[in-house]
Amino acid sequence: VSQPLTPSRRAVLAGLGIGLCAIAGAARAAASATATCREPAALPLSQKSRRRGLGYVEISTDAKRSCALCAFYSAAAQGCGACQILGGGIVSANGLCNSFAPRKG
Ligand code: SF4
């Protein structure tokens, strides 16, 4: 037996729906902010070693220095690209390493 929706019950349900959408949106945003182009644990040992040697990090803390702004970076998929220094290894556009060289032009 269902009860008719009163205005106050309708408002509660609408608010619950908006709240769930907001939570889902925040979860998606958090996931994309932390997503990596290549799962670090799944990288070949040679890539892990080269990245470690270059001090590569997935997220640069310097707005003026990141893989997307580096001369050695070639954009591939959205937010990801290939790094010449890493032998074409896939890196995050937001990543950074000690071999960063600013892109000219
Ligand atoms: S050299 Fe370093 S900063 Fe430049 S694209 Fe490769 S990993 Fe990123």
# chains A, B, ... in the order shown; residues from 1 in each chain; ligands from 1
call {"tool": "closest_atom_pairs", "arguments": {"of": "chain A", "to": "ligand 1", "cutoff": "12 Å", "atoms": "only C-alpha atoms and all ligand atoms", "output": "JSON lines"}}
result
{"residue": "A:Gln47", "atom": "CA", "partner": "ligand 1", "partner_atom_place_in_ligand_line": "7 (S)", "distance": 11.0}
{"residue": "A:Lys48", "atom": "CA", "partner": "ligand 1", "partner_atom_place_in_ligand_line": "7 (S)", "distance": 11.9}
{"residue": "A:Arg50", "atom": "CA", "partner": "ligand 1", "partner_atom_place_in_ligand_line": "7 (S)", "distance": 9.6}
{"residue": "A:Arg51", "atom": "CA", "partner": "ligand 1", "partner_atom_place_in_ligand_line": "7 (S)", "distance": 7.5}
{"residue": "A:Arg52", "atom": "CA", "partner": "ligand 1", "partner_atom_place_in_ligand_line": "7 (S)", "distance": 10.5}
{"residue": "A:Gly53", "atom": "CA", "partner": "ligand 1", "partner_atom_place_in_ligand_line": "2 (Fe)", "distance": 10.8}
{"residue": "A:Leu54", "atom": "CA", "partner": "ligand 1", "partner_atom_place_in_ligand_line": "2 (Fe)", "distance": 7.2}
{"residue": "A:Gly55", "atom": "CA", "partner": "ligand 1", "partner_atom_place_in_ligand_line": "2 (Fe)", "distance": 8.4}
{"residue": "A:Tyr56", "atom": "CA", "partner": "ligand 1", "partner_atom_place_in_ligand_line": "7 (S)", "distance": 5.9}
{"residue": "A:Val57", "atom": "CA", "partner": "ligand 1", "partner_atom_place_in_ligand_line": "7 (S)", "distance": 8.1}
{"residue": "A:Glu58", "atom": "CA", "partner": "ligand 1", "partner_atom_place_in_ligand_line": "7 (S)", "distance": 9.0}
{"residue": "A:Ile59", "atom": "CA", "partner": "ligand 1", "partner_atom_place_in_ligand_line": "8 (Fe)", "distance": 10.1}
{"residue": "A:Ser60", "atom": "CA", "partner": "ligand 1", "partner_atom_place_in_ligand_line": "3 (S)", "distance": 9.0}
{"residue": "A:Asp62", "atom": "CA", "partner": "ligand 1", "partner_atom_place_in_ligand_line": "3 (S)", "distance": 11.3}
{"residue": "A:Lys64", "atom": "CA", "partner": "ligand 1", "partner_atom_place_in_ligand_line": "3 (S)", "distance": 11.0}
{"residue": "A:Arg65", "atom": "CA", "partner": "ligand 1", "partner_atom_place_in_ligand_line": "3 (S)", "distance": 7.3}
{"residue": "A:Ser66", "atom": "CA", "partner": "ligand 1", "partner_atom_place_in_ligand_line": "3 (S)", "distance": 5.6}
{"residue": "A:Cys67", "atom": "CA", "partner": "ligand 1", "partner_atom_place_in_ligand_line": "8 (Fe)", "distance": 3.6}
{"residue": "A:Ala68", "atom": "CA", "partner": "ligand 1", "partner_atom_place_in_ligand_line": "5 (S)", "distance": 6.8}
{"residue": "A:Leu69", "atom": "CA", "partner": "ligand 1", "partner_atom_place_in_ligand_line": "4 (Fe)", "distance": 7.7}
{"residue": "A:Cys70", "atom": "CA", "partner": "ligand 1", "partner_atom_place_in_ligand_line": "4 (Fe)", "distance": 4.6}
{"residue": "A:Ala71", "atom": "CA", "partner": "ligand 1", "partner_atom_place_in_ligand_line": "4 (Fe)", "distance": 6.4}
{"residue": "A:Phe72", "atom": "CA", "partner": "ligand 1", "partner_atom_place_in_ligand_line": "5 (S)", "distance": 4.8}
{"residue": "A:Tyr73", "atom": "CA", "partner": "ligand 1", "partner_atom_place_in_ligand_line": "5 (S)", "distance": 4.1}
{"residue": "A:Ser74", "atom": "CA", "partner": "ligand 1", "partner_atom_place_in_ligand_line": "5 (S)", "distance": 7.7}
{"residue": "A:Ala75", "atom": "CA", "partner": "ligand 1", "partner_atom_place_in_ligand_line": "5 (S)", "distance": 9.5}
{"residue": "A:Ala76", "atom": "CA", "partner": "ligand 1", "partner_atom_place_in_ligand_line": "5 (S)", "distance": 11.9}
{"residue": "A:Cys80", "atom": "CA", "partner": "ligand 1", "partner_atom_place_in_ligand_line": "5 (S)", "distance": 10.0}
{"residue": "A:Gly81", "atom": "CA", "partner": "ligand 1", "partner_atom_place_in_ligand_line": "5 (S)", "distance": 7.9}
{"residue": "A:Ala82", "atom": "CA", "partner": "ligand 1", "partner_atom_place_in_ligand_line": "5 (S)", "distance": 7.1}
{"residue": "A:Cys83", "atom": "CA", "partner": "ligand 1", "partner_atom_place_in_ligand_line": "6 (Fe)", "distance": 4.3}
{"residue": "A:Gln84", "atom": "CA", "partner": "ligand 1", "partner_atom_place_in_ligand_line": "6 (Fe)", "distance": 6.3}
{"residue": "A:Ile85", "atom": "CA", "partner": "ligand 1", "partner_atom_place_in_ligand_line": "1 (S)", "distance": 5.2}
{"residue": "A:Leu86", "atom": "CA", "partner": "ligand 1", "partner_atom_place_in_ligand_line": "6 (Fe)", "distance": 6.2}
{"residue": "A:Gly87", "atom": "CA", "partner": "ligand 1", "partner_atom_place_in_ligand_line": "6 (Fe)", "distance": 9.0}
{"residue": "A:Gly88", "atom": "CA", "partner": "ligand 1", "partner_atom_place_in_ligand_line": "6 (Fe)", "distance": 8.7}
{"residue": "A:Gly89", "atom": "CA", "partner": "ligand 1", "partner_atom_place_in_ligand_line": "6 (Fe)", "distance": 8.3}
{"residue": "A:Ile90", "atom": "CA", "partner": "ligand 1", "partner_atom_place_in_ligand_line": "7 (S)", "distance": 8.7}
{"residue": "A:Val91", "atom": "CA", "partner": "ligand 1", "partner_atom_place_in_ligand_line": "7 (S)", "distance": 6.4}
{"residue": "A:Ser92", "atom": "CA", "partner": "ligand 1", "partner_atom_place_in_ligand_line": "8 (Fe)", "distance": 7.6}
{"residue": "A:Ala93", "atom": "CA", "partner": "ligand 1", "partner_atom_place_in_ligand_line": "8 (Fe)", "distance": 7.5}
{"residue": "A:Asn94", "atom": "CA", "partner": "ligand 1", "partner_atom_place_in_ligand_line": "8 (Fe)", "distance": 8.2}
{"residue": "A:Gly95", "atom": "CA", "partner": "ligand 1", "partner_atom_place_in_ligand_line": "8 (Fe)", "distance": 5.7}
{"residue": "A:Leu96", "atom": "CA", "partner": "ligand 1", "partner_atom_place_in_ligand_line": "3 (S)", "distance": 4.1}
{"residue": "A:Cys97", "atom": "CA", "partner": "ligand 1", "partner_atom_place_in_ligand_line": "2 (Fe)", "distance": 4.0}
{"residue": "A:Asn98", "atom": "CA", "partner": "ligand 1", "partner_atom_place_in_ligand_line": "2 (Fe)", "distance": 6.1}
{"residue": "A:Ser99", "atom": "CA", "partner": "ligand 1", "partner_atom_place_in_ligand_line": "1 (S)", "distance": 4.7}
{"residue": "A:Phe100", "atom": "CA", "partner": "ligand 1", "partner_atom_place_in_ligand_line": "3 (S)", "distance": 3.9}
{"residue": "A:Ala101", "atom": "CA", "partner": "ligand 1", "partner_atom_place_in_ligand_line": "4 (Fe)", "distance": 6.2}
{"residue": "A:Pro102", "atom": "CA", "partner": "ligand 1", "partner_atom_place_in_ligand_line": "4 (Fe)", "distance": 8.2}
{"residue": "A:Arg103", "atom": "CA", "partner": "ligand 1", "partner_atom_place_in_ligand_line": "4 (Fe)", "distance": 9.2}
call {"tool": "decode", "arguments": {"residues": "segment 35-50 of chain A", "atoms": "all heavy atoms", "output": "mmCIF file, in the first residue's frame"}}
result
data_model
loop_
_atom_site.group_PDB
_atom_site.id
_atom_site.type_symbol
_atom_site.label_atom_id
_atom_site.label_comp_id
_atom_site.auth_asym_id
_atom_site.auth_seq_id
_atom_site.Cartn_x
_atom_site.Cartn_y
_atom_site.Cartn_z
ATOM 1 N N ALA A 35 43.246 9.625 -11.225
ATOM 2 C CA ALA A 35 43.463 8.555 -12.187
ATOM 3 C C ALA A 35 44.834 8.696 -12.828
ATOM 4 O O ALA A 35 45.314 9.796 -13.077
ATOM 5 C CB ALA A 35 42.383 8.595 -13.258
ATOM 6 N N THR A 36 45.467 7.586 -13.085
ATOM 7 C CA THR A 36 46.753 7.604 -13.760
ATOM 8 C C THR A 36 46.569 7.055 -15.163
ATOM 9 O O THR A 36 45.664 6.283 -15.425
ATOM 10 C CB THR A 36 47.770 6.744 -12.998
ATOM 11 O OG1 THR A 36 47.245 5.430 -12.893
ATOM 12 C CG2 THR A 36 48.047 7.301 -11.623
ATOM 13 N N CYS A 37 47.452 7.466 -16.069
ATOM 14 C CA CYS A 37 47.362 6.991 -17.444
ATOM 15 C C CYS A 37 47.804 5.535 -17.533
ATOM 16 O O CYS A 37 47.276 4.781 -18.340
ATOM 17 C CB CYS A 37 48.221 7.880 -18.325
ATOM 18 S SG CYS A 37 47.612 9.578 -18.366
ATOM 19 N N ARG A 38 48.761 5.175 -16.746
ATOM 20 C CA ARG A 38 49.213 3.785 -16.666
ATOM 21 C C ARG A 38 49.296 3.433 -15.192
ATOM 22 O O ARG A 38 49.875 4.170 -14.416
ATOM 23 C CB ARG A 38 50.608 3.622 -17.290
ATOM 24 C CG ARG A 38 50.658 3.744 -18.795
ATOM 25 C CD ARG A 38 50.031 2.553 -19.532
ATOM 26 N NE ARG A 38 50.563 1.267 -19.143
ATOM 27 C CZ ARG A 38 51.617 0.683 -19.694
ATOM 28 N NH1 ARG A 38 52.252 1.277 -20.673
ATOM 29 N NH2 ARG A 38 52.039 -0.485 -19.291
ATOM 30 N N GLU A 39 48.695 2.334 -14.834
ATOM 31 C CA GLU A 39 48.750 1.906 -13.432
ATOM 32 C C GLU A 39 50.219 1.674 -13.067
ATOM 33 O O GLU A 39 50.881 0.821 -13.672
ATOM 34 C CB GLU A 39 47.938 0.620 -13.276
ATOM 35 C CG GLU A 39 47.864 0.104 -11.856
ATOM 36 C CD GLU A 39 47.317 1.126 -10.882
ATOM 37 O OE1 GLU A 39 46.300 1.775 -11.211
ATOM 38 O OE2 GLU A 39 47.921 1.295 -9.814
ATOM 39 N N PRO A 40 50.775 2.462 -12.126
ATOM 40 C CA PRO A 40 52.193 2.353 -11.807
ATOM 41 C C PRO A 40 52.643 0.918 -11.502
ATOM 42 O O PRO A 40 53.717 0.498 -11.933
ATOM 43 C CB PRO A 40 52.357 3.254 -10.579
ATOM 44 C CG PRO A 40 51.258 4.249 -10.705
ATOM 45 C CD PRO A 40 50.112 3.502 -11.345
ATOM 46 N N ALA A 41 51.817 0.166 -10.782
ATOM 47 C CA ALA A 41 52.209 -1.188 -10.412
ATOM 48 C C ALA A 41 52.281 -2.117 -11.625
ATOM 49 O O ALA A 41 52.994 -3.122 -11.605
ATOM 50 C CB ALA A 41 51.228 -1.749 -9.384
ATOM 51 N N ALA A 42 51.563 -1.761 -12.701
ATOM 52 C CA ALA A 42 51.519 -2.634 -13.875
ATOM 53 C C ALA A 42 52.605 -2.280 -14.908
ATOM 54 O O ALA A 42 52.719 -2.949 -15.933
ATOM 55 C CB ALA A 42 50.145 -2.527 -14.535
ATOM 56 N N LEU A 43 53.391 -1.248 -14.625
ATOM 57 C CA LEU A 43 54.440 -0.850 -15.569
ATOM 58 C C LEU A 43 55.555 -1.893 -15.614
ATOM 59 O O LEU A 43 55.859 -2.523 -14.599
ATOM 60 C CB LEU A 43 55.049 0.497 -15.138
ATOM 61 C CG LEU A 43 54.181 1.723 -15.333
ATOM 62 C CD1 LEU A 43 54.796 2.911 -14.602
ATOM 63 C CD2 LEU A 43 54.014 2.031 -16.805
ATOM 64 N N PRO A 44 56.207 -2.036 -16.782
ATOM 65 C CA PRO A 44 57.367 -2.924 -16.851
ATOM 66 C C PRO A 44 58.467 -2.405 -15.917
ATOM 67 O O PRO A 44 58.541 -1.203 -15.658
ATOM 68 C CB PRO A 44 57.814 -2.824 -18.314
ATOM 69 C CG PRO A 44 56.717 -2.168 -19.046
ATOM 70 C CD PRO A 44 55.889 -1.409 -18.054
ATOM 71 N N LEU A 45 59.295 -3.302 -15.452
ATOM 72 C CA LEU A 45 60.355 -2.941 -14.514
ATOM 73 C C LEU A 45 61.242 -1.824 -15.072
ATOM 74 O O LEU A 45 61.635 -0.913 -14.344
ATOM 75 C CB LEU A 45 61.198 -4.185 -14.197
ATOM 76 C CG LEU A 45 62.115 -4.082 -12.990
ATOM 77 C CD1 LEU A 45 61.337 -3.717 -11.740
ATOM 78 C CD2 LEU A 45 62.897 -5.360 -12.806
ATOM 79 N N SER A 46 61.522 -1.872 -16.393
ATOM 80 C CA SER A 46 62.380 -0.849 -16.990
ATOM 81 C C SER A 46 61.742 0.539 -16.872
ATOM 82 O O SER A 46 62.419 1.529 -16.595
ATOM 83 C CB SER A 46 62.653 -1.180 -18.456
ATOM 84 O OG SER A 46 61.438 -1.210 -19.182
ATOM 85 N N GLN A 47 60.422 0.613 -17.062
ATOM 86 C CA GLN A 47 59.731 1.898 -16.938
ATOM 87 C C GLN A 47 59.726 2.374 -15.491
ATOM 88 O O GLN A 47 59.925 3.549 -15.217
ATOM 89 C CB GLN A 47 58.297 1.786 -17.459
ATOM 90 C CG GLN A 47 58.168 1.924 -18.962
ATOM 91 C CD GLN A 47 58.460 3.341 -19.449
ATOM 92 O OE1 GLN A 47 58.034 4.326 -18.864
ATOM 93 N NE2 GLN A 47 59.218 3.440 -20.532
ATOM 94 N N LYS A 48 59.499 1.439 -14.581
ATOM 95 C CA LYS A 48 59.513 1.823 -13.163
ATOM 96 C C LYS A 48 60.876 2.393 -12.799
ATOM 97 O O LYS A 48 60.977 3.408 -12.118
ATOM 98 C CB LYS A 48 59.224 0.603 -12.284
ATOM 99 C CG LYS A 48 57.805 0.122 -12.314
ATOM 100 C CD LYS A 48 57.661 -1.075 -11.407
ATOM 101 C CE LYS A 48 56.292 -1.692 -11.507
ATOM 102 N NZ LYS A 48 56.192 -2.958 -10.781
ATOM 103 N N SER A 49 61.918 1.743 -13.263
ATOM 104 C CA SER A 49 63.271 2.151 -12.942
ATOM 105 C C SER A 49 63.591 3.521 -13.550
ATOM 106 O O SER A 49 64.151 4.389 -12.884
ATOM 107 C CB SER A 49 64.234 1.086 -13.462
ATOM 108 O OG SER A 49 65.552 1.528 -13.335
ATOM 109 N N ARG A 50 63.216 3.714 -14.813
ATOM 110 C CA ARG A 50 63.495 4.996 -15.470
ATOM 111 C C ARG A 50 62.730 6.113 -14.793
ATOM 112 O O ARG A 50 63.254 7.214 -14.603
ATOM 113 C CB ARG A 50 63.124 4.924 -16.950
ATOM 114 C CG ARG A 50 64.072 4.040 -17.745
ATOM 115 C CD ARG A 50 63.536 3.768 -19.106
ATOM 116 N NE ARG A 50 64.088 4.692 -20.085
ATOM 117 C CZ ARG A 50 63.970 4.529 -21.386
ATOM 118 N NH1 ARG A 50 63.314 3.505 -21.872
ATOM 119 N NH2 ARG A 50 64.491 5.387 -22.203
#
